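First comes the structure, then the notes that go with it.
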Amino acid sequence: MTKSKIRELVVEKLIEITESELEKILDLFTIQGCVLINQRRPTSQLEISSALAKLGRHFGNPVRHKLSDDAGVHPIRNLPGFPQYANTTSSDLRLHTDGSFEKLPPKTMLIYCESPAEKGGHSRICFAEDIYRFLEQNYPESLVGLFRPDAFVIRRDDREAQRSVFKICDGRISMAFRYGTDVSLQIHPMARAGIAAIIEYVSHPANYEEFLLSAGQLLLMDNTRVLHGRTEFSANSHRVLHGLWCDGHDADPEKIQFGFTPMVVALT
Ligand SMILES: O=C(O)CCC(=O)C(=O)O
Ligand SMILES: [Fe+2]
């Protein structure tokens, strides 16, 4: 990966976000689907949840997790006792979109870093449109199977959903994808070649970006357009991140668009 596609932006302080800072954030979100926000003045630990909730409001209602606080913010750190959740382990997480086993996966994901791991725990990002282009160019016949509403059935814990990998939503394409040992996948025969090709693509380091989120940075992602993951870190590490999912409800369509173009030329 030569030039980063992740858009970066500096705000004064997250909890005091101004109208013009917000406008830039929403613009970049719609242009690229992934924004890395830095602050000139750090948010105190006590303000983190409110700061995330304040920004998250523009992306819909919070999607709650069993471990969410009142603002809807959940911990992302090694928490013994919850091996069924990705956010409470320290293991390698392959590139995925969140909540694909839910009936309605979140549209947006915010990840705030309070403290990074001493070693490992690097974030990974891969863009759905790059995956789509790779398939169009190399496995065009596999796309039809990936658009099937029954392309895969995914189960985790007590959750199960049947879904497509790609879907047309308001004239744009959105993606849902997860694989790995923490979920069980039943793949439709027509989607097998496509899913194998996606795994081939996302397994290659040249096809994703890897970086360390540092203290005070916020990663804002369109969960229908950007896959995220992270490398393993020590179970005793002091890595502490905070996550917030938003459902897209009432997000201003003039300012925020989810998913990506091009249109599905290959299917017409
Ligand atoms: O630990 C991370 O950086 C990301 C964790 C993650 O993918 C999640 O909580 O959904
Ligand atoms: Fe995740």
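Identifiers in the structure tokens: chain A, B, ... in order shown; residue index from 1 per chain; ligand index from 1 in order shown.
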
Taking a cut-off of 8 Å and counting only C-alpha atoms and all ligand atoms, can you build a table that, for each residue of chain A near ligand 1, reports the nearest atom pair and how far apart they are in Å (one decimal), sorted by chain then residue number, as a Markdown table?
| residue | atom | partner | partner_atom_place_in_ligand_line | distance |
| --- | --- | --- | --- | --- |
| A:Ile76 | CA | ligand 1 | 9 (O) | 5.5 |
| A:Arg77 | CA | ligand 1 | 1 (O) | 6.9 |
| A:Tyr85 | CA | ligand 1 | 9 (O) | 7.8 |
| A:Ala86 | CA | ligand 1 | 9 (O) | 5.3 |
| A:Asn87 | CA | ligand 1 | 9 (O) | 3.6 |
| A:Thr88 | CA | ligand 1 | 9 (O) | 7.4 |
| A:Ser90 | CA | ligand 1 | 1 (O) | 7.6 |
| A:Leu93 | CA | ligand 1 | 7 (O) | 6.4 |
| A:His96 | CA | ligand 1 | 7 (O) | 7.4 |
| A:Thr97 | CA | ligand 1 | 10 (O) | 7.8 |
| A:Asp98 | CA | ligand 1 | 10 (O) | 5.7 |
| A:Ile111 | CA | ligand 1 | 3 (O) | 7.4 |
| A:Gly121 | CA | ligand 1 | 3 (O) | 6.6 |
| A:His122 | CA | ligand 1 | 3 (O) | 6.9 |
| A:Ser123 | CA | ligand 1 | 3 (O) | 5.3 |
| A:Arg124 | CA | ligand 1 | 3 (O) | 7.9 |
| A:His228 | CA | ligand 1 | 7 (O) | 6.1 |
| A:Gly229 | CA | ligand 1 | 7 (O) | 5.2 |
| A:Arg230 | CA | ligand 1 | 3 (O) | 5.0 |
| A:Thr231 | CA | ligand 1 | 3 (O) | 7.9 |
| A:Leu241 | CA | ligand 1 | 1 (O) | 7.0 |
| A:Gly243 | CA | ligand 1 | 9 (O) | 6.8 |

Next, dump the selected residues to file, keeping only N, CA, C and O atoms, as a PDB file, in the first residue's frame.
ATOM      1  N   ILE A  76     -13.045  -1.610  24.621  1.00  0.00           N
ATOM      2  CA  ILE A  76     -12.292  -2.498  23.730  1.00  0.00           C
ATOM      3  C   ILE A  76     -10.966  -2.730  24.442  1.00  0.00           C
ATOM      4  O   ILE A  76     -10.047  -1.909  24.363  1.00  0.00           O
ATOM      5  N   ARG A  77     -10.912  -3.778  25.224  1.00  0.00           N
ATOM      6  CA  ARG A  77      -9.679  -4.136  25.920  1.00  0.00           C
ATOM      7  C   ARG A  77      -9.802  -5.564  26.423  1.00  0.00           C
ATOM      8  O   ARG A  77     -10.912  -6.098  26.469  1.00  0.00           O
ATOM      9  N   TYR A  85     -16.728 -12.198  22.830  1.00  0.00           N
ATOM     10  CA  TYR A  85     -16.721 -10.904  22.139  1.00  0.00           C
ATOM     11  C   TYR A  85     -15.327 -10.574  21.622  1.00  0.00           C
ATOM     12  O   TYR A  85     -14.336 -10.758  22.321  1.00  0.00           O
ATOM     13  N   ALA A  86     -15.287  -9.975  20.405  1.00  0.00           N
ATOM     14  CA  ALA A  86     -13.997  -9.590  19.829  1.00  0.00           C
ATOM     15  C   ALA A  86     -13.375  -8.454  20.634  1.00  0.00           C
ATOM     16  O   ALA A  86     -12.155  -8.381  20.789  1.00  0.00           O
ATOM     17  N   ASN A  87     -14.218  -7.568  21.143  1.00  0.00           N
ATOM     18  CA  ASN A  87     -13.678  -6.365  21.793  1.00  0.00           C
ATOM     19  C   ASN A  87     -13.058  -6.634  23.164  1.00  0.00           C
ATOM     20  O   ASN A  87     -12.443  -5.747  23.746  1.00  0.00           O
ATOM     21  N   THR A  88     -13.241  -7.839  23.710  1.00  0.00           N
ATOM     22  CA  THR A  88     -12.715  -8.097  25.051  1.00  0.00           C
ATOM     23  C   THR A  88     -11.573  -9.121  25.043  1.00  0.00           C
ATOM     24  O   THR A  88     -11.258  -9.697  26.075  1.00  0.00           O
ATOM     25  N   SER A  90      -7.509 -10.249  23.346  1.00  0.00           N
ATOM     26  CA  SER A  90      -6.268  -9.593  22.909  1.00  0.00           C
ATOM     27  C   SER A  90      -5.722 -10.282  21.655  1.00  0.00           C
ATOM     28  O   SER A  90      -4.601 -10.029  21.243  1.00  0.00           O
ATOM     29  N   LEU A  93      -7.362  -9.950  15.239  1.00  0.00           N
ATOM     30  CA  LEU A  93      -8.700  -9.914  14.633  1.00  0.00           C
ATOM     31  C   LEU A  93      -8.542  -9.646  13.156  1.00  0.00           C
ATOM     32  O   LEU A  93      -8.017  -8.603  12.754  1.00  0.00           O
ATOM     33  N   HIS A  96     -12.649  -7.265   9.123  1.00  0.00           N
ATOM     34  CA  HIS A  96     -14.080  -7.572   9.180  1.00  0.00           C
ATOM     35  C   HIS A  96     -14.891  -6.284   9.262  1.00  0.00           C
ATOM     36  O   HIS A  96     -14.359  -5.227   9.579  1.00  0.00           O
ATOM     37  N   THR A  97     -16.192  -6.404   9.004  1.00  0.00           N
ATOM     38  CA  THR A  97     -17.111  -5.335   9.377  1.00  0.00           C
ATOM     39  C   THR A  97     -17.784  -5.805  10.667  1.00  0.00           C
ATOM     40  O   THR A  97     -17.885  -7.011  10.915  1.00  0.00           O
ATOM     41  N   ASP A  98     -18.239  -4.850  11.468  1.00  0.00           N
ATOM     42  CA  ASP A  98     -18.816  -5.244  12.756  1.00  0.00           C
ATOM     43  C   ASP A  98     -20.295  -5.622  12.635  1.00  0.00           C
ATOM     44  O   ASP A  98     -21.017  -5.102  11.782  1.00  0.00           O
ATOM     45  N   ILE A 111     -13.789   4.353  17.098  1.00  0.00           N
ATOM     46  CA  ILE A 111     -12.857   3.710  18.032  1.00  0.00           C
ATOM     47  C   ILE A 111     -11.919   4.789  18.568  1.00  0.00           C
ATOM     48  O   ILE A 111     -11.199   5.438  17.804  1.00  0.00           O
ATOM     49  N   GLY A 121      -1.120  -4.870  18.806  1.00  0.00           N
ATOM     50  CA  GLY A 121      -2.381  -4.121  18.867  1.00  0.00           C
ATOM     51  C   GLY A 121      -2.472  -3.056  17.785  1.00  0.00           C
ATOM     52  O   GLY A 121      -3.087  -2.010  17.976  1.00  0.00           O
ATOM     53  N   HIS A 122      -1.864  -3.302  16.632  1.00  0.00           N
ATOM     54  CA  HIS A 122      -1.924  -2.339  15.528  1.00  0.00           C
ATOM     55  C   HIS A 122      -3.269  -2.454  14.825  1.00  0.00           C
ATOM     56  O   HIS A 122      -3.793  -3.555  14.657  1.00  0.00           O
ATOM     57  N   SER A 123      -3.793  -1.318  14.412  1.00  0.00           N
ATOM     58  CA  SER A 123      -5.066  -1.321  13.687  1.00  0.00           C
ATOM     59  C   SER A 123      -4.820  -1.655  12.225  1.00  0.00           C
ATOM     60  O   SER A 123      -3.771  -1.302  11.667  1.00  0.00           O
ATOM     61  N   ARG A 124      -5.812  -2.295  11.632  1.00  0.00           N
ATOM     62  CA  ARG A 124      -5.746  -2.596  10.197  1.00  0.00           C
ATOM     63  C   ARG A 124      -7.023  -2.110   9.535  1.00  0.00           C
ATOM     64  O   ARG A 124      -8.103  -2.223  10.127  1.00  0.00           O
ATOM     65  N   HIS A 228     -12.171  -3.411   9.289  1.00  0.00           N
ATOM     66  CA  HIS A 228     -11.109  -3.132  10.258  1.00  0.00           C
ATOM     67  C   HIS A 228     -10.675  -4.433  10.926  1.00  0.00           C
ATOM     68  O   HIS A 228     -11.388  -5.429  10.889  1.00  0.00           O
ATOM     69  N   GLY A 229      -9.509  -4.360  11.524  1.00  0.00           N
ATOM     70  CA  GLY A 229      -8.983  -5.507  12.256  1.00  0.00           C
ATOM     71  C   GLY A 229      -7.876  -5.005  13.150  1.00  0.00           C
ATOM     72  O   GLY A 229      -7.627  -3.797  13.224  1.00  0.00           O
ATOM     73  N   ARG A 230      -7.209  -5.898  13.817  1.00  0.00           N
ATOM     74  CA  ARG A 230      -6.058  -5.477  14.622  1.00  0.00           C
ATOM     75  C   ARG A 230      -5.162  -6.673  14.879  1.00  0.00           C
ATOM     76  O   ARG A 230      -5.606  -7.825  14.818  1.00  0.00           O
ATOM     77  N   THR A 231      -3.897  -6.363  15.154  1.00  0.00           N
ATOM     78  CA  THR A 231      -2.960  -7.441  15.427  1.00  0.00           C
ATOM     79  C   THR A 231      -3.037  -7.807  16.918  1.00  0.00           C
ATOM     80  O   THR A 231      -3.539  -7.027  17.739  1.00  0.00           O
ATOM     81  N   LEU A 241      -9.117   0.916  24.596  1.00  0.00           N
ATOM     82  CA  LEU A 241      -9.817   1.639  23.548  1.00  0.00           C
ATOM     83  C   LEU A 241     -11.294   1.691  23.926  1.00  0.00           C
ATOM     84  O   LEU A 241     -11.744   0.924  24.796  1.00  0.00           O
ATOM     85  N   GLY A 243     -15.263   1.954  22.132  1.00  0.00           N
ATOM     86  CA  GLY A 243     -15.969   1.840  20.855  1.00  0.00           C
ATOM     87  C   GLY A 243     -17.396   2.355  20.945  1.00  0.00           C
ATOM     88  O   GLY A 243     -18.037   2.304  22.000  1.00  0.00           O
TER      89      GLY A 243
END

*Which residues in region 56-197 of chain A does DSSP call helix (DSSP H, G or I)? List them as a VMD selection string.*
chain A and resid 56 to 59 86 to 88 128 to 138 140 to 147 189 to 197

*What is the CA of Leu22 (chain A) to CA of Arg40 (chain A) distance in Å?*
15.2 Å

Closest atom pairs, region 130-184 of chain A residues within 12 Å of region 217-226 of chain A, only C-alpha atoms, as a Markdown table:
| residue | atom | partner | partner_atom | distance |
| --- | --- | --- | --- | --- |
| A:Asp130 | CA | A:Val226 | CA | 9.8 |
| A:Ile131 | CA | A:Val226 | CA | 10.0 |
| A:Tyr132 | CA | A:Arg225 | CA | 10.4 |
| A:Ser164 | CA | A:Thr224 | CA | 11.9 |
| A:Val165 | CA | A:Thr224 | CA | 10.0 |
| A:Phe166 | CA | A:Thr224 | CA | 9.2 |
| A:Lys167 | CA | A:Thr224 | CA | 9.5 |
| A:Ile168 | CA | A:Thr224 | CA | 10.8 |
| A:Cys169 | CA | A:Thr224 | CA | 10.0 |
| A:Arg172 | CA | A:Arg225 | CA | 10.0 |
| A:Ile173 | CA | A:Arg225 | CA | 8.1 |
| A:Ser174 | CA | A:Thr224 | CA | 4.8 |
| A:Met175 | CA | A:Thr224 | CA | 5.0 |
| A:Ala176 | CA | A:Thr224 | CA | 6.3 |
| A:Phe177 | CA | A:Thr224 | CA | 9.2 |
| A:Arg178 | CA | A:Asn223 | CA | 11.8 |

*Neighbour list for Ile17 (chain A) as number ranges by chain, cut-off 12 Å, only C-alpha atoms, skip fewer than 2 positions in-chain*: A: 10-15, 19-25, 37-41, 43, 50-56

How would the residues just chosen look if you wrote them out with N, CA, C and O atoms as an mmCIF file, in the first residue's frame?
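Full text of result-v3.cif as output:
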data_model
loop_
_atom_site.group_PDB
_atom_site.id
_atom_site.type_symbol
_atom_site.label_atom_id
_atom_site.label_comp_id
_atom_site.auth_asym_id
_atom_site.auth_seq_id
_atom_site.Cartn_x
_atom_site.Cartn_y
_atom_site.Cartn_z
ATOM 1 N N VAL A 10 -7.273 17.412 12.267
ATOM 2 C CA VAL A 10 -7.002 17.817 13.650
ATOM 3 C C VAL A 10 -8.161 18.677 14.153
ATOM 4 O O VAL A 10 -8.592 19.595 13.456
ATOM 5 N N VAL A 11 -8.663 18.365 15.330
ATOM 6 C CA VAL A 11 -9.662 19.229 15.970
ATOM 7 C C VAL A 11 -9.041 19.749 17.266
ATOM 8 O O VAL A 11 -8.066 19.180 17.766
ATOM 9 N N GLU A 12 -9.633 20.804 17.787
ATOM 10 C CA GLU A 12 -9.083 21.362 19.023
ATOM 11 C C GLU A 12 -9.258 20.339 20.159
ATOM 12 O O GLU A 12 -8.297 19.891 20.752
ATOM 13 N N LYS A 13 -10.500 19.967 20.420
ATOM 14 C CA LYS A 13 -10.786 18.976 21.458
ATOM 15 C C LYS A 13 -12.135 18.326 21.156
ATOM 16 O O LYS A 13 -13.125 19.034 20.920
ATOM 17 N N LEU A 14 -12.165 17.023 21.181
ATOM 18 C CA LEU A 14 -13.361 16.300 20.728
ATOM 19 C C LEU A 14 -14.653 16.729 21.409
ATOM 20 O O LEU A 14 -15.665 16.936 20.759
ATOM 21 N N ILE A 15 -14.595 16.874 22.726
ATOM 22 C CA ILE A 15 -15.828 17.185 23.465
ATOM 23 C C ILE A 15 -16.343 18.592 23.148
ATOM 24 O O ILE A 15 -17.508 18.890 23.340
ATOM 25 N N GLU A 19 -18.814 23.588 14.857
ATOM 26 C CA GLU A 19 -19.593 23.338 13.633
ATOM 27 C C GLU A 19 -18.675 23.120 12.423
ATOM 28 O O GLU A 19 -18.905 22.240 11.607
ATOM 29 N N SER A 20 -17.629 23.962 12.319
ATOM 30 C CA SER A 20 -16.792 23.845 11.124
ATOM 31 C C SER A 20 -15.934 22.582 11.186
ATOM 32 O O SER A 20 -15.677 21.937 10.159
ATOM 33 N N GLU A 21 -15.502 22.184 12.379
ATOM 34 C CA GLU A 21 -14.766 20.915 12.501
ATOM 35 C C GLU A 21 -15.679 19.747 12.119
ATOM 36 O O GLU A 21 -15.278 18.827 11.399
ATOM 37 N N LEU A 22 -16.916 19.833 12.607
ATOM 38 C CA LEU A 22 -17.873 18.761 12.329
ATOM 39 C C LEU A 22 -18.127 18.645 10.828
ATOM 40 O O LEU A 22 -18.160 17.539 10.270
ATOM 41 N N GLU A 23 -18.281 19.785 10.190
ATOM 42 C CA GLU A 23 -18.536 19.777 8.752
ATOM 43 C C GLU A 23 -17.414 19.072 7.989
ATOM 44 O O GLU A 23 -17.655 18.265 7.093
ATOM 45 N N LYS A 24 -16.165 19.375 8.388
ATOM 46 C CA LYS A 24 -15.020 18.729 7.720
ATOM 47 C C LYS A 24 -15.035 17.224 7.965
ATOM 48 O O LYS A 24 -14.756 16.426 7.064
ATOM 49 N N ILE A 25 -15.361 16.832 9.189
ATOM 50 C CA ILE A 25 -15.387 15.399 9.525
ATOM 51 C C ILE A 25 -16.425 14.675 8.661
ATOM 52 O O ILE A 25 -16.156 13.631 8.067
ATOM 53 N N ILE A 37 -9.022 11.140 13.503
ATOM 54 C CA ILE A 37 -9.130 12.471 14.102
ATOM 55 C C ILE A 37 -8.119 12.618 15.244
ATOM 56 O O ILE A 37 -8.056 11.797 16.155
ATOM 57 N N ASN A 38 -7.325 13.683 15.152
ATOM 58 C CA ASN A 38 -6.347 14.004 16.205
ATOM 59 C C ASN A 38 -6.859 15.210 16.972
ATOM 60 O O ASN A 38 -7.563 16.040 16.420
ATOM 61 N N GLN A 39 -6.445 15.326 18.233
ATOM 62 C CA GLN A 39 -6.873 16.478 19.029
ATOM 63 C C GLN A 39 -5.657 17.298 19.446
ATOM 64 O O GLN A 39 -4.617 16.739 19.772
ATOM 65 N N ARG A 40 -5.850 18.618 19.486
ATOM 66 C CA ARG A 40 -4.759 19.465 20.012
ATOM 67 C C ARG A 40 -4.707 19.342 21.525
ATOM 68 O O ARG A 40 -3.647 19.334 22.114
ATOM 69 N N ARG A 41 -5.887 19.301 22.156
ATOM 70 C CA ARG A 41 -5.932 19.126 23.615
ATOM 71 C C ARG A 41 -6.627 17.799 23.914
ATOM 72 O O ARG A 41 -7.691 17.522 23.353
ATOM 73 N N THR A 43 -8.749 14.704 25.472
ATOM 74 C CA THR A 43 -9.999 14.521 26.215
ATOM 75 C C THR A 43 -9.654 13.768 27.495
ATOM 76 O O THR A 43 -8.913 12.793 27.454
ATOM 77 N N SER A 50 -18.802 10.846 26.711
ATOM 78 C CA SER A 50 -19.643 11.962 26.232
ATOM 79 C C SER A 50 -19.123 12.492 24.915
ATOM 80 O O SER A 50 -19.910 12.871 24.044
ATOM 81 N N ALA A 51 -17.796 12.539 24.765
ATOM 82 C CA ALA A 51 -17.228 13.061 23.516
ATOM 83 C C ALA A 51 -17.604 12.153 22.341
ATOM 84 O O ALA A 51 -17.991 12.627 21.277
ATOM 85 N N LEU A 52 -17.528 10.841 22.551
ATOM 86 C CA LEU A 52 -17.896 9.910 21.470
ATOM 87 C C LEU A 52 -19.393 10.018 21.164
ATOM 88 O O LEU A 52 -19.809 10.036 20.001
ATOM 89 N N ALA A 53 -20.202 10.108 22.225
ATOM 90 C CA ALA A 53 -21.652 10.182 22.021
ATOM 91 C C ALA A 53 -22.021 11.461 21.276
ATOM 92 O O ALA A 53 -22.893 11.455 20.402
ATOM 93 N N LYS A 54 -21.318 12.548 21.577
ATOM 94 C CA LYS A 54 -21.616 13.834 20.937
ATOM 95 C C LYS A 54 -21.358 13.757 19.423
ATOM 96 O O LYS A 54 -22.171 14.198 18.619
ATOM 97 N N LEU A 55 -20.256 13.172 19.045
ATOM 98 C CA LEU A 55 -19.952 13.027 17.615
ATOM 99 C C LEU A 55 -20.851 11.950 16.991
ATOM 100 O O LEU A 55 -21.381 12.102 15.891
ATOM 101 N N GLY A 56 -21.047 10.864 17.743
ATOM 102 C CA GLY A 56 -21.819 9.722 17.237
ATOM 103 C C GLY A 56 -23.267 10.085 16.900
ATOM 104 O O GLY A 56 -23.855 9.491 15.989
#

*Coordinates-based distance that separates CA of Ala193 (chain A) from CA of Ala151 (chain A) (Å, one decimal)*: 11.0 Å

Using only C-alpha atoms, which residues sit within 10 Å of Asp158 (chain A) once same-chain residues fewer than 4 positions away are excluded, as a PDB file with all heavy atoms, in the first residue's frame?
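The resulting out30.pdb:
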ATOM      1  N   GLN A  84     -16.379 -14.558  24.192  1.00  0.00           N
ATOM      2  CA  GLN A  84     -17.242 -14.579  22.998  1.00  0.00           C
ATOM      3  C   GLN A  84     -17.240 -13.265  22.235  1.00  0.00           C
ATOM      4  O   GLN A  84     -17.711 -13.197  21.110  1.00  0.00           O
ATOM      5  CB  GLN A  84     -18.682 -14.980  23.382  1.00  0.00           C
ATOM      6  CG  GLN A  84     -19.486 -13.951  24.162  1.00  0.00           C
ATOM      7  CD  GLN A  84     -19.267 -14.025  25.675  1.00  0.00           C
ATOM      8  OE1 GLN A  84     -18.169 -14.275  26.157  1.00  0.00           O
ATOM      9  NE2 GLN A  84     -20.327 -13.779  26.430  1.00  0.00           N
ATOM     10  N   PHE A 101     -23.467 -10.472  12.269  1.00  0.00           N
ATOM     11  CA  PHE A 101     -24.378 -11.503  12.794  1.00  0.00           C
ATOM     12  C   PHE A 101     -25.633 -10.877  13.405  1.00  0.00           C
ATOM     13  O   PHE A 101     -26.501 -11.572  13.906  1.00  0.00           O
ATOM     14  CB  PHE A 101     -23.646 -12.369  13.839  1.00  0.00           C
ATOM     15  CG  PHE A 101     -22.664 -11.569  14.641  1.00  0.00           C
ATOM     16  CD1 PHE A 101     -23.092 -10.722  15.629  1.00  0.00           C
ATOM     17  CD2 PHE A 101     -21.307 -11.643  14.355  1.00  0.00           C
ATOM     18  CE1 PHE A 101     -22.195  -9.945  16.328  1.00  0.00           C
ATOM     19  CE2 PHE A 101     -20.393 -10.869  15.058  1.00  0.00           C
ATOM     20  CZ  PHE A 101     -20.842 -10.017  16.045  1.00  0.00           C
ATOM     21  N   GLU A 102     -25.737  -9.541  13.385  1.00  0.00           N
ATOM     22  CA  GLU A 102     -26.937  -8.864  13.893  1.00  0.00           C
ATOM     23  C   GLU A 102     -27.924  -8.682  12.738  1.00  0.00           C
ATOM     24  O   GLU A 102     -27.516  -8.620  11.583  1.00  0.00           O
ATOM     25  CB  GLU A 102     -26.578  -7.458  14.426  1.00  0.00           C
ATOM     26  CG  GLU A 102     -25.499  -7.415  15.474  1.00  0.00           C
ATOM     27  CD  GLU A 102     -25.964  -7.909  16.834  1.00  0.00           C
ATOM     28  OE1 GLU A 102     -27.181  -8.177  16.985  1.00  0.00           O
ATOM     29  OE2 GLU A 102     -25.121  -8.038  17.726  1.00  0.00           O
TER      30      GLU A 102
END

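Shortest atom-to-atom contact with ligand 2 among A:Ser234, A:Thr89, A:Ser49, A:Ser142: A:Thr89, counting only C-alpha atoms and all ligand atoms.
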
*Of the candidates A:Leu135, A:Phe127, A:Pro149, A:Lys5, which one gets nearest to Leu95 (chain A) if we count only C-alpha atoms?*
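Closest to Leu95 (chain A) of all the choices is A:Phe127.
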
*Run DSSP on the backbone and give me the residues of region 114-218 of chain A it puts in strand (DSSP E), as an MDAnalysis selection string.*
chainID A and resid 114:115 123:127 152:156 159:163 166:169 172:175 184:187 209:211 218
